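S.K.: The structure's right below; bear with me while I get my questions together.
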Amino acid sequence: MGSYVPSTREERQGMLEAIGLKEYSDLYRDVPRDMLLDHPLEIPSGMSELEVSRAMRAIAAKNHVFATVLRGAGAYDHYIPSIVKSIPAKEEFLTAYTPYQAEMSQGVLQSIFEYQTMICELTGMEVSNASVYDGATAAAEAAAMCRTNKRRVTRAPAAAHPDTIETIRTYCYGTGDELRIVPQKSGRTDTVALREMLTDCVASFYLQQPNFFGQLEDAEAIGQIVHEAGAMYVMGCNPIALAILKTPRDCGADVAVGEGQPLGMPLSYGGPYLGFMATTAKYMRKLPGRIVGETVDSRGERAYVLSLQAREQHIRREKASSNICSNEALCAMTAAVYMAAMGPRGMAEAARQSMAKAHYLASELCKIPGVSLRYTGAYFHEFVTEMPRVQDVLQSLEQADILGGLIVDGAILWCATEKVEKAALDKTAAIVKEVLEF
Amino acid sequence: MNYPADLKYSKSHEWVKMDGDVAVIGISDFAQDSLGDVVFINLPQEGDTVSAGEAFGDVESVKAVSDLVCPVSGTVREVNEELLDAPEKLNSDPYGAWIIKVEGITGQEELLDAAEYEAVCAVAED
Amino acid sequence: MKLIFEKSVSGRGCTLLPPCDVDSVSLPDTLRRDTPPALPEVSETELSRHYTELCHKVHGVNCGFYPLGSCTMKYNPRIDEEMAALPGFTNVHPLAPVHTVAGCREVLDTAKNYLCEISGMADMTFQPAAGAHGEFTGVMLIKQYHKARGDAKRTKIIIPDSAHGTNPATASMCGFEVVNIASAPDGCVDLEALKAALGEDTAGLMLTNPNTVGIFDEHILDITRLVHEAGGLCYYDGANLNAIMGVVRPGDMGFDCIHMNLHKTFATPHGGGGPGAGAVGCKEFLAQYLPKSALMDGGDHIQVRSFAGNFLVVVRALTYLMTLGREGIPEAAQNAVLNANYLMGRIKGTFTPAFDRICMHEFVLDLSEFKKQTGVSALDVAKSLIDYGMHPPTMYFPLIVHEALMLEPTETESRETLDWAAEVFCKLYALAHEDPDFMHNAPHNAQIGRPDEVRAARNPVLRWERA
């Protein structure tokens, strides 16, 4: 049996005696007798470290790691620099608690302050929080923070990630607020429908940029429509794209959110990921979650603390606008290390290359008879193709150790990142051609 | 601790002064002392309706939030926006730093005079 | 210490990507960014040293004693990290074909089986990313349950005033009105207050047992029975599970749904504030209301975040569960309780426990009399502990004890560490009587002196700006 309890049997007996007790059951005197488990748990016996290692590795071996990943849809396979893996693995960062005691946690607090600054730079916003659970919850929290007494309704586009929509819907269901979906037209948000749906009880409209289909929305124009209707504008953006894409701030967004996974977190079967949230100075106090602020200490030296805590649940309790307690601190640090390692040029390069490779793949695929783009607007690194026999195509790709795009409404949503080599893209096109010609 | 005689007080530690038909409202010296350093105040908007005995805003210190309870019912005529940039005035000058002015008064809570209020605070301190 | 931006020199960087091997493409003009983001430009050497410097200003549980009440800061095993870094777990897309991710399904199913057995539940989700997120999910199960029954009257959730702030905040987020009930003098649920609060409008009760003062409420079966008789459901906040796992099961106490903090009880690392995982378990009749992912699972369910949850955190927890197994789980709980009682026994000669009785895995010290005598507050004591290299215990929680310090040593501390901790407390007790001023100004040897939190809140500076 594996154990992390240091004390030996003798030591434990000594400690029991020191407090005047004889056995462990004396410690549980307050528990009604018939509630105590009278049999061992029906789980396997504990194991030594070597046995556990074998068992877990055997489970991991049942997963297939594809050599080439051409699937995105909310989880992106970017190159993760080695230093981005090694820094967050340092034991101090890994095993520290939330930095409530500033005098012992300047390392964590400063790293979050740096992360907040970087997110502000990426989004063009003035204030960022220390992160929330993921992009979907960030969108839901943003919808909540935009509500006022008079305006409570949320609008979100059909062109957003289905998991994001359902998460917003669940949070709205919680507070009894309405969510309605603005339809898409040709793969982008239908602005005519949007205008009609922005009634005077609408608190905010959430736009995903690029959207679920990879299409680039007319974010600035949509922002104007939203503001004309007196609602707030939330944009959920891909953080790699933001290295070269017009910032949410410049598009008029009041709140910028997004999924931070592309910033150095592996695919990890969906988590842990990272939700970033940033806003203008005007809405600073409406941001949920932890925020680190700069101050001075008793000696007049610069210092960092968790600040504006009066927004949070441990103080406001039932009057808090969110119950969020933890953030994704280590993931936020990972993102900060990634952004610092890549720098502005590296991030722009990752963005440009992702975009270039996706466009190359699209053009090679569209050379094949029977294959065409479903949506023809400008796109970043994802696109949707129409083609027959999508299942056969994906299966053949799988046999060549390539994870092809995701089937969406009978078509395929492809993604390419800077990590994919031209040879793999050519091979993909060749296999698709072969399958469709057959 | 300061209890100006020309003001009326509520049991929840707000002070009220009538300026014609308009009620001027703030928090007492006892209140600011209990709160500690005020870091932020959440104010209502001009035109909002307020009700006697109900919260019309709140005051934040670093570690706590306290409701501001309205001593009167009516409509908010004016809000002291200076407090948004300088909330510390509530600590340094609680009787000078008014918070809201209310007009169209339709009702009020039981209000105490300075002596009665001082007695309430003495009990609260124990 | 400088910020990374202050070490940045224009033109510096790392060479991480090869040149692009396909033709470049441009964004349409209207969508292009005006100016590049002002991210740091540093070499790998500087980046590495910067984080090493930061690392020296961080205290983790693997570095020293961390008796934070209600946080269960137990040792984070290294093998858990190694398993969570296996490419077979990290390099798998959540939307990959099901037959290529059998290992992931096995991790989730196996962890579910272990945790359902430990908690006495029938089904479980790992979608919630943290404890509070798990609370939200659990209360949403209750909400859906009443809605399905067509019972729209049930608008209230009962919560003891000793509860963690996330409980009432969660109830509000789920659209319920919070009914706070005062605790009895012994810190447990006041049954009369509970009876008075129960009615046809009761949706449910949120409770943790052992409670937030570290005491096992022996009337728990009465409590859950009363709530059920009134037509409500019982939600268990699993933050204190470390005291009882393998010894008592929340399902046997009458709870209908529960959340567990994998980053507390099941040893996954706190990471400076996340990522955690808030596994939510429930009895069979609530299983249909568990959240799912629209893209992964389809169907009509609530959803609390994207995909399946913090998968790598579950990998760590499963590694830990397999290591401890049938014997190790209760052993951990029993020794957590033993360590807490032992430490309390060593300290109570000086500081006063709020409740002088057998505690569970944590205990609360009441420093209100001590403060009256010496003028030294719980905060001053906490800050003074920092000078001894000990992370302070939880301060000023729960709210029902004044000048509270809550200590939870956990089972992974040795007797020497506990003896040392008790000695430090004794030293501080004496110091408070001799030189209270010294303690008012503590810490003296830490990374910084006491920060000016008032200034931080009045004049928020929340990002670095180039001068």
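Numbering starts fresh at 1 for the residues of each chain in the structure tokens, the chains themselves are lettered A, B, ... in the order given, and ligands are numbered from 1 as they appear.
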Show me, as a ChimeraX atom specification, every residue of chain B with an atom at most 8 Å from chain C, counting only C-alpha atoms.

M.R.: /B:37-40,61-62,87

S.K.: Save out the residues we just selected, C-alpha atoms, as a PDB file, in the first residue's frame.

M.R.:
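Okay, result_22.pdb is ready:
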ATOM      1  CA  ASP B  37     -10.218  52.676   5.891  1.00  0.00           C
ATOM      2  CA  VAL B  38     -12.878  53.032   3.222  1.00  0.00           C
ATOM      3  CA  VAL B  39     -11.545  52.097  -0.183  1.00  0.00           C
ATOM      4  CA  PHE B  40     -14.638  52.391  -2.343  1.00  0.00           C
ATOM      5  CA  SER B  61     -13.023  48.497   3.165  1.00  0.00           C
ATOM      6  CA  VAL B  62     -10.174  46.130   2.291  1.00  0.00           C
ATOM      7  CA  PRO B  87     -13.549  57.666  -0.525  1.00  0.00           C
TER       8      PRO B  87
END

S.K.: Out of region 52-225 of chain C, which residues get strand (DSSP E) from DSSP, as JSON, numbers by chain?

M.R.: {"C": [123, 124, 125, 156, 157, 158, 159, 160, 177, 178, 179, 180, 181, 202, 203, 204, 205, 206, 207]}

S.K.: Given only C-alpha atoms as the basis, pick out the residue of B:Glu78, B:Glu116, B:Gly20, B:Gln45 nearest to chain A.

M.R.: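 Ranking B:Glu78, B:Glu116, B:Gly20, B:Gln45 by distance to chain A, first place goes to B:Gln45.
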
S.K.: Excluding Leu35 (chain B) and its own-chain neighbours fewer than 4 positions away, which residues fall within 10 Å of it when counting only C-alpha atoms? Please give them as a list in words.

M.R.: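 Skipping anything fewer than 4 positions along the chain leaves Asp29, Phe30, Ala31, Val59, Glu60, Ser61, Val62, Lys63, Ala64, Val65, Ser66 and Asn91 of chain B.
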
S.K.: Keeping only C-alpha atoms, take the residues you just selected and write them out as a PDB file, in the first residue's frame.

M.R.:
ATOM      1  CA  ASP B  29     -18.141  58.966  12.996  1.00  0.00           C
ATOM      2  CA  PHE B  30     -18.892  55.688  14.778  1.00  0.00           C
ATOM      3  CA  ALA B  31     -19.630  54.056  11.437  1.00  0.00           C
ATOM      4  CA  VAL B  59     -19.105  50.919   1.397  1.00  0.00           C
ATOM      5  CA  GLU B  60     -16.033  48.747   0.945  1.00  0.00           C
ATOM      6  CA  SER B  61     -13.023  48.497   3.165  1.00  0.00           C
ATOM      7  CA  VAL B  62     -10.174  46.130   2.291  1.00  0.00           C
ATOM      8  CA  LYS B  63     -11.712  43.182   4.095  1.00  0.00           C
ATOM      9  CA  ALA B  64     -15.418  43.930   4.289  1.00  0.00           C
ATOM     10  CA  VAL B  65     -18.478  45.410   2.662  1.00  0.00           C
ATOM     11  CA  SER B  66     -21.201  47.226   4.564  1.00  0.00           C
ATOM     12  CA  ASN B  91     -13.093  58.571   7.247  1.00  0.00           C
TER      13      ASN B  91
END

S.K.: Between CA of Ser396 (chain A) and CA of Asp297 (chain C), measure the distance and give it in Å to one decimal.

M.R.: 24.0 Å

S.K.: Tell me, as number ranges by chain, which residues lie within 7 Å of region 244-260 of chain C, counting only C-alpha atoms; anything in the same chain fewer than 6 positions away does not count.

M.R.: A: 35-37, 41; C: 118-121, 131, 134-135, 138, 220-221, 224, 233-238, 278-283, 329-330, 333

S.K.: Kindly save the residues from that selection, with C-alpha atoms included, as a PDB file, in the first residue's frame.

M.R.:
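Contents of selection-v7.pdb, as written:
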ATOM      1  CA  MET A  35     -22.634   5.549  10.194  1.00  0.00           C
ATOM      2  CA  LEU A  36     -19.052   4.387  10.464  1.00  0.00           C
ATOM      3  CA  LEU A  37     -18.038   2.159   7.589  1.00  0.00           C
ATOM      4  CA  LEU A  41     -13.896   0.426   0.736  1.00  0.00           C
TER       5      LEU A  41
ATOM      6  CA  ILE C 118     -15.485   6.836  -1.191  1.00  0.00           C
ATOM      7  CA  SER C 119     -18.347   9.336  -1.191  1.00  0.00           C
ATOM      8  CA  GLY C 120     -21.291   6.958  -1.323  1.00  0.00           C
ATOM      9  CA  MET C 121     -22.598   8.346  -4.610  1.00  0.00           C
ATOM     10  CA  GLY C 131     -14.626  23.691  -5.776  1.00  0.00           C
ATOM     11  CA  GLY C 134     -18.502  22.164  -8.334  1.00  0.00           C
ATOM     12  CA  GLU C 135     -20.840  23.873  -5.869  1.00  0.00           C
ATOM     13  CA  GLY C 138     -24.285  20.556  -7.460  1.00  0.00           C
ATOM     14  CA  ILE C 220     -26.298  14.846  10.776  1.00  0.00           C
ATOM     15  CA  LEU C 221     -28.857  12.134  10.114  1.00  0.00           C
ATOM     16  CA  THR C 224     -30.725  15.451   6.383  1.00  0.00           C
ATOM     17  CA  LEU C 233     -32.385  17.991  -1.112  1.00  0.00           C
ATOM     18  CA  CYS C 234     -29.063  17.962   0.731  1.00  0.00           C
ATOM     19  CA  TYR C 235     -25.838  19.164  -0.844  1.00  0.00           C
ATOM     20  CA  TYR C 236     -22.497  18.250   0.707  1.00  0.00           C
ATOM     21  CA  ASP C 237     -19.583  20.662   0.464  1.00  0.00           C
ATOM     22  CA  GLY C 238     -16.678  18.234   0.283  1.00  0.00           C
ATOM     23  CA  GLY C 278     -14.369  20.045  -8.426  1.00  0.00           C
ATOM     24  CA  ALA C 279     -15.691  16.530  -9.005  1.00  0.00           C
ATOM     25  CA  VAL C 280     -19.442  16.411  -8.430  1.00  0.00           C
ATOM     26  CA  GLY C 281     -21.141  13.173  -7.390  1.00  0.00           C
ATOM     27  CA  CYS C 282     -24.804  12.392  -6.960  1.00  0.00           C
ATOM     28  CA  LYS C 283     -27.282   9.678  -6.120  1.00  0.00           C
ATOM     29  CA  ILE C 329      -7.581   6.256   2.066  1.00  0.00           C
ATOM     30  CA  PRO C 330      -8.847   5.722   5.631  1.00  0.00           C
ATOM     31  CA  ALA C 333      -8.087  10.478   7.091  1.00  0.00           C
TER      32      ALA C 333
END

S.K.: Name the residues in contact with region 94-100 of chain C at a cut-off of 6 Å, using only C-alpha atoms, excluding same-chain residues fewer than 5 positions from it; report them as a compact mmCIF listing (two decimals) with N, CA and C atoms, in the first residue's frame.

M.R.:
# COMPACT_ATOMS: atom_id res chain seq x y z
N ASN A 63 -4.29 5.38 -25.38
CA ASN A 63 -4.63 6.57 -26.18
C ASN A 63 -3.71 6.63 -27.37
N HIS A 64 -4.23 7.09 -28.50
CA HIS A 64 -3.37 7.25 -29.66
C HIS A 64 -2.97 8.72 -29.80
N TYR A 269 -6.71 16.50 -23.56
CA TYR A 269 -8.09 16.00 -23.56
C TYR A 269 -9.05 17.03 -22.95
N GLY A 270 -8.78 18.30 -23.14
CA GLY A 270 -9.75 19.32 -22.75
C GLY A 270 -9.45 20.10 -21.49

S.K.: List every residue of region 30-166 of chain C that DSSP, applied to the backbone of this structure, assigns to helix (DSSP H, G or I), and report them as a count of residues only.

M.R.: 65

S.K.: Quick one: everything within 9 Å of Ala197 (chain C), counting only C-alpha atoms, minus sequence neighbours fewer than 2 positions away in the same chain. Send it as a ChimeraX atom specification.

M.R.: /C:158,179-181,192-195,199,202

S.K.: Pull C-alpha atoms from the residues just selected and write them as an mmCIF file, in the first residue's frame.

M.R.:
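Result went into selection-v1.cif, see below:
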data_model
loop_
_atom_site.group_PDB
_atom_site.id
_atom_site.type_symbol
_atom_site.label_atom_id
_atom_site.label_comp_id
_atom_site.auth_asym_id
_atom_site.auth_seq_id
_atom_site.Cartn_x
_atom_site.Cartn_y
_atom_site.Cartn_z
ATOM 1 C CA ILE C 158 -30.556 27.037 3.686
ATOM 2 C CA VAL C 179 -31.604 31.616 4.245
ATOM 3 C CA ASN C 180 -28.785 31.922 6.772
ATOM 4 C CA ILE C 181 -29.273 29.950 9.956
ATOM 5 C CA GLU C 192 -34.454 24.399 16.106
ATOM 6 C CA ALA C 193 -33.220 27.111 13.763
ATOM 7 C CA LEU C 194 -33.196 24.580 10.948
ATOM 8 C CA LYS C 195 -36.757 23.436 11.678
ATOM 9 C CA GLY C 199 -40.824 24.817 4.584
ATOM 10 C CA THR C 202 -37.015 24.938 0.734
#

S.K.: Select all residues from chain A having any atom no more than 12 Å from an atom of chain B (counting only C-alpha atoms, ignoring ligands), output as a list in words.

M.R.: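 Going by the stated atoms only, the list reads Tyr100, Asn149, Arg285, Lys286, Val305, Leu306, Ser307, Leu308, Gln309, Ala310, Arg311, Glu312, Gln313, His314, Ile315, Arg316, Arg317, Glu318, Lys319 and Ala320 of chain A.
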
S.K.: Put those residues in a file: C-alpha atoms, as a CSV table (one decimal), in the first residue's frame.

M.R.:
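New file result.csv:
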chain,number,residue,atom,x,y,z
A,100,TYR,CA,-3.4,35.5,0.3
A,149,ASN,CA,-31.1,46.2,-13.2
A,285,ARG,CA,-14.9,46.8,-10.4
A,286,LYS,CA,-17.4,44.5,-12.2
A,305,VAL,CA,-1.2,42.1,-3.3
A,306,LEU,CA,-4.6,40.5,-4.1
A,307,SER,CA,-6.7,43.6,-4.5
A,308,LEU,CA,-10.3,44.8,-4.9
A,309,GLN,CA,-11.3,41.7,-2.8
A,310,ALA,CA,-14.5,43.4,-1.8
A,311,ARG,CA,-15.9,42.2,-5.1
A,312,GLU,CA,-15.4,38.6,-4.2
A,313,GLN,CA,-17.4,35.8,-2.6
A,314,HIS,CA,-15.5,35.5,0.6
A,315,ILE,CA,-16.5,39.1,1.4
A,316,ARG,CA,-19.8,39.7,-0.4
A,317,ARG,CA,-21.1,36.1,0.1
A,318,GLU,CA,-24.7,36.0,-1.4
A,319,LYS,CA,-24.3,39.5,-2.9
A,320,ALA,CA,-21.3,38.5,-4.9

S.K.: Compile the contact shell of Ala378 (chain A) as a PDB file with C-alpha atoms, in the first residue's frame: residues with an atom at most 12 Å away, counting only C-alpha atoms, same-chain residues fewer than 3 positions apart removed.

M.R.:
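Saved file around-v6.pdb follows:
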ATOM      1  CA  SER A 186     -22.878  32.179 -44.771  1.00  0.00           C
ATOM      2  CA  GLY A 187     -20.782  31.292 -41.756  1.00  0.00           C
ATOM      3  CA  ARG A 188     -20.864  34.689 -40.063  1.00  0.00           C
ATOM      4  CA  GLN A 209     -13.521  36.082 -33.213  1.00  0.00           C
ATOM      5  CA  PRO A 210     -12.537  34.135 -35.277  1.00  0.00           C
ATOM      6  CA  ASN A 211     -15.802  32.261 -34.935  1.00  0.00           C
ATOM      7  CA  PHE A 213     -16.220  28.018 -38.330  1.00  0.00           C
ATOM      8  CA  GLY A 214     -12.901  29.865 -38.460  1.00  0.00           C
ATOM      9  CA  GLN A 215     -14.475  32.853 -40.218  1.00  0.00           C
ATOM     10  CA  LEU A 216     -13.394  36.387 -39.350  1.00  0.00           C
ATOM     11  CA  GLU A 217     -16.377  38.483 -38.307  1.00  0.00           C
ATOM     12  CA  ASP A 218     -16.836  42.178 -39.028  1.00  0.00           C
ATOM     13  CA  MET A 355      -2.858  31.292 -41.058  1.00  0.00           C
ATOM     14  CA  ALA A 358      -4.388  26.744 -43.135  1.00  0.00           C
ATOM     15  CA  HIS A 359      -4.778  28.710 -46.370  1.00  0.00           C
ATOM     16  CA  LEU A 373     -15.133  25.825 -49.146  1.00  0.00           C
ATOM     17  CA  TYR A 375     -17.877  29.567 -46.255  1.00  0.00           C
ATOM     18  CA  HIS A 381      -6.470  29.232 -39.248  1.00  0.00           C
ATOM     19  CA  GLU A 382      -9.698  27.212 -39.504  1.00  0.00           C
ATOM     20  CA  PHE A 383     -12.007  26.617 -42.450  1.00  0.00           C
ATOM     21  CA  VAL A 384     -14.880  24.336 -43.452  1.00  0.00           C
TER      22      VAL A 384
ATOM     23  CA  VAL C  25      -1.118  35.197 -46.488  1.00  0.00           C
ATOM     24  CA  SER C  26      -2.292  38.560 -45.187  1.00  0.00           C
ATOM     25  CA  LEU C  27      -5.260  39.557 -43.136  1.00  0.00           C
ATOM     26  CA  PRO C  28      -7.645  42.009 -44.782  1.00  0.00           C
ATOM     27  CA  ASP C  29      -6.539  45.589 -43.988  1.00  0.00           C
ATOM     28  CA  THR C  30      -9.585  46.368 -41.885  1.00  0.00           C
ATOM     29  CA  LEU C  31      -8.855  43.473 -39.570  1.00  0.00           C
TER      30      LEU C  31
END
